[in-house]
Amino acid sequence: MEHLREAAKLLAQAQRVAVFTGAGISAESGVPTFRDALTGLWERFDAQSLATPQAFQEDPELVWGWYEWRRHRVTSVRPNAGHDAVAAIEAHAPHTAVITQNVDDLHERAGSAQSVHLHGSLFAPRCTICAEPAVLPALTGEPDGGRRLAPPSCASCGGMIRPGVVWFGESLPEAALEAAVRAAADADVLLTIGTSGLVYPAAEIPRLAARSGAAVIQVNPQPTPLDRIAAVNLHGPAAGTLPDLVSLAWPD
Ligand code: OAD
């Protein structure tokens with residue numbers, strides 16, 4: 001409780017807030033994380049065969065089918081109290097930037113319209129040839145992480161459509177990275193929620209904020225490498241912790 005009060009005070013006093021989220025914030029909605037033991041996607045699936053440009057080149061149907069399965073999963077769940085609390089922070093502290101590594105749309109559906117997607121989105125496919133954005137096909141059939149599906153063709157040039165996510169070995173979208181760096185450098189408080197802090201360059205964002213003088217508040221049930229830079233560590237799940245943090249920071 002003492003840590004929660006301390007974090008609430010920091011948040012309420014901040015002029016500029018950056019919220020940095022990872023897969024853990026969507027876990028309580030039913031979207032699997034990547035590295036949690038037993039349930040993490042990278043515990044069950046091979047990242048090299050699914051999340052690299054080479055994997056798509058070698059087996060586009062396997063890769064497209066896997067991302068369509070993930071889109072199906074995300075489409076069938078709802079934002080949780082953690083996403084709602086982030087939207088409430090934006091409402092109370094107008095200079096708030098939401099930076100996410102997640103490729104789901106749960107921040108948007110909770111009301112965070114301006115979130116910066118560092119790792120792209122399941123909902124923004126594009127052509128591999130001309131880079132035109134593509135319309136996603138209707139989801140059909142039983143979802144299954146191993147089901148092969150042929151990627152659609154580009155309406156403009158006929159090229160193969162690829163998922164709009166960032167794969168291992170690819171650069172982050174420039175505008176998103178720039179916005180995230182600016183928000184982290186300017187923030188008085190950076191709230192890092194549900195990320196292992198292991199994947200760079202995204203993991204540099206909370207570290208940059210700390211170096212630039214922000215107080216880092218971490219919400220995560222497990223220890224992470226970000227414990228060391230956090231001014232306050234709130235050890236708990238996002239949906240259970242963030243609503244209390246918001247009510248303490250801005251009591252009605
Ligand atoms: P990880 O799976 O690496 O980490 C998820 C974190 O969420 C862990 O630290 C968990 O302890 C924590 N967690 C689990 N349940 C939680 C809950 N209910 N509330 C709060 N925290 C919880 O996921 P990310 O850090 O997002 O990249 O992974 C970073 C990147 O690695 C992803 O964006 C993805 C992946 O490979 C790409 O696809 C490019």
# chains A, B, ... in the order shown; residues from 1 in each chain; ligands from 1

call {"tool": "select_by_dssp", "arguments": {"residues": "range 17-193 of chain A", "states": "strand (DSSP E or B)", "output": "ChimeraX atom specification"}}
result
/A:17-21,96-100,116-117,120,126-127,133,153,160-162,165,189-193

call {"tool": "residues_near_ligand", "arguments": {"ligand": "ligand 1", "cutoff": "7 Å", "atoms": "only C-alpha atoms and all ligand atoms", "output": "PyMOL selection string"}}
result
chain A and resi 21-25+27-28+33-36+40+51+101-102+119+165-168+193-199+219-222+224+236-239

call {"tool": "select_by_dssp", "arguments": {"residues": "range 36-156 of chain A", "states": "helix (DSSP H, G or I)", "output": "NGL selection string"}}
result
:A and (41-44 or 47-50 or 53-58 or 60-75 or 81-92 or 106-110)

call {"tool": "closest_residue", "arguments": {"among": "A:Ser156, A:Gln48, A:Thr192, A:Ser247", "to": "Ala230 in chain A", "atoms": "only C-alpha atoms"}}
result
A:Thr192

call {"tool": "closest_residue", "arguments": {"among": "A:His117, A:Arg147, A:His92, A:Arg162", "to": "Ala12 in chain A", "atoms": "only C-alpha atoms"}}
result
A:His92

call {"tool": "closest_residue", "arguments": {"among": "A:Ala179, A:Val74, A:Ala85, A:Ala150", "to": "Phe123 in chain A", "atoms": "only C-alpha atoms"}}
result
A:Val74

call {"tool": "atom_distance", "arguments": {"atom1": "CA of Val31 in chain A", "atom2": "CA of Asp104 in chain A"}}
result
8.8 Å

call {"tool": "residues_around", "arguments": {"residues": "Val19 in chain A", "least_positions_apart": "4", "cutoff": "6 Å", "atoms": "only C-alpha atoms", "output": "list in words"}}
result
Val98, Ile99, Leu190 and Leu191 of chain A

call {"tool": "atom_distance", "arguments": {"atom1": "CA of Pro201 in chain A", "atom2": "CA of Leu41 in chain A"}}
result
20.3 Å

call {"tool": "atom_distance", "arguments": {"atom1": "CA of Trp42 in chain A", "atom2": "CA of Glu61 in chain A"}}
result
19.2 Å

call {"tool": "closest_residue", "arguments": {"among": "A:Glu108, A:Asp252, A:Asp244, A:Glu58", "to": "Met1 in chain A", "atoms": "only C-alpha atoms"}}
result
A:Asp244

call {"tool": "closest_residue", "arguments": {"among": "A:Pro206, A:Pro133, A:Gly146, A:Pro79", "to": "Phe45 in chain A", "atoms": "only C-alpha atoms"}}
result
A:Gly146

call {"tool": "residues_around", "arguments": {"residues": "Cys157 in chain A", "least_positions_apart": "3", "cutoff": "12 Å", "atoms": "only C-alpha atoms", "output": "list of chain:residue names"}}
result
A:Arg126, A:Cys127, A:Thr128, A:Ile129, A:Cys130, A:Ala131, A:Glu132, A:Pro133, A:Ala134, A:Pro152, A:Ser153, A:Cys154, A:Met160, A:Ile161

call {"tool": "closest_residue", "arguments": {"among": "A:Arg5, A:His235, A:Arg78, A:His72", "to": "Gly145 in chain A", "atoms": "only C-alpha atoms"}}
result
A:His72

call {"tool": "residues_around", "arguments": {"residues": "His95 in chain A", "least_positions_apart": "5", "cutoff": "10 Å", "atoms": "only C-alpha atoms", "output": "list in words"}}
result
Ala14, Gln15, Arg16, Val17, Ala18, Ile89, Glu90, Ala183 and Ala187 of chain A

call {"tool": "write_last_selection", "arguments": {"atoms": "N, CA and C atoms", "output": "PDB file, in the first residue's frame"}}
result
ATOM      1  N   ALA A  14       2.856  14.718 -11.782  1.00  0.00           N
ATOM      2  CA  ALA A  14       3.597  14.787 -13.058  1.00  0.00           C
ATOM      3  C   ALA A  14       2.914  15.723 -14.054  1.00  0.00           C
ATOM      4  N   GLN A  15       3.722  16.464 -14.767  1.00  0.00           N
ATOM      5  CA  GLN A  15       3.206  17.300 -15.863  1.00  0.00           C
ATOM      6  C   GLN A  15       3.127  16.481 -17.148  1.00  0.00           C
ATOM      7  N   ARG A  16       4.116  15.616 -17.318  1.00  0.00           N
ATOM      8  CA  ARG A  16       4.163  14.789 -18.531  1.00  0.00           C
ATOM      9  C   ARG A  16       4.361  13.326 -18.134  1.00  0.00           C
ATOM     10  N   VAL A  17       3.483  12.498 -18.643  1.00  0.00           N
ATOM     11  CA  VAL A  17       3.517  11.074 -18.301  1.00  0.00           C
ATOM     12  C   VAL A  17       3.739  10.258 -19.579  1.00  0.00           C
ATOM     13  N   ALA A  18       4.608   9.260 -19.486  1.00  0.00           N
ATOM     14  CA  ALA A  18       4.725   8.288 -20.580  1.00  0.00           C
ATOM     15  C   ALA A  18       4.312   6.930 -20.021  1.00  0.00           C
ATOM     16  N   ILE A  89      -5.786   7.564 -17.058  1.00  0.00           N
ATOM     17  CA  ILE A  89      -4.597   8.396 -16.807  1.00  0.00           C
ATOM     18  C   ILE A  89      -4.517   9.497 -17.867  1.00  0.00           C
ATOM     19  N   GLU A  90      -4.757   9.115 -19.122  1.00  0.00           N
ATOM     20  CA  GLU A  90      -4.735  10.119 -20.215  1.00  0.00           C
ATOM     21  C   GLU A  90      -5.777  11.199 -19.981  1.00  0.00           C
ATOM     22  N   ALA A 183       8.774  11.254 -26.080  1.00  0.00           N
ATOM     23  CA  ALA A 183       7.912  11.164 -24.888  1.00  0.00           C
ATOM     24  C   ALA A 183       8.713  10.706 -23.669  1.00  0.00           C
ATOM     25  N   ALA A 187       9.348  13.007 -20.257  1.00  0.00           N
ATOM     26  CA  ALA A 187       8.428  12.609 -19.185  1.00  0.00           C
ATOM     27  C   ALA A 187       8.964  12.917 -17.783  1.00  0.00           C
TER      28      ALA A 187
END
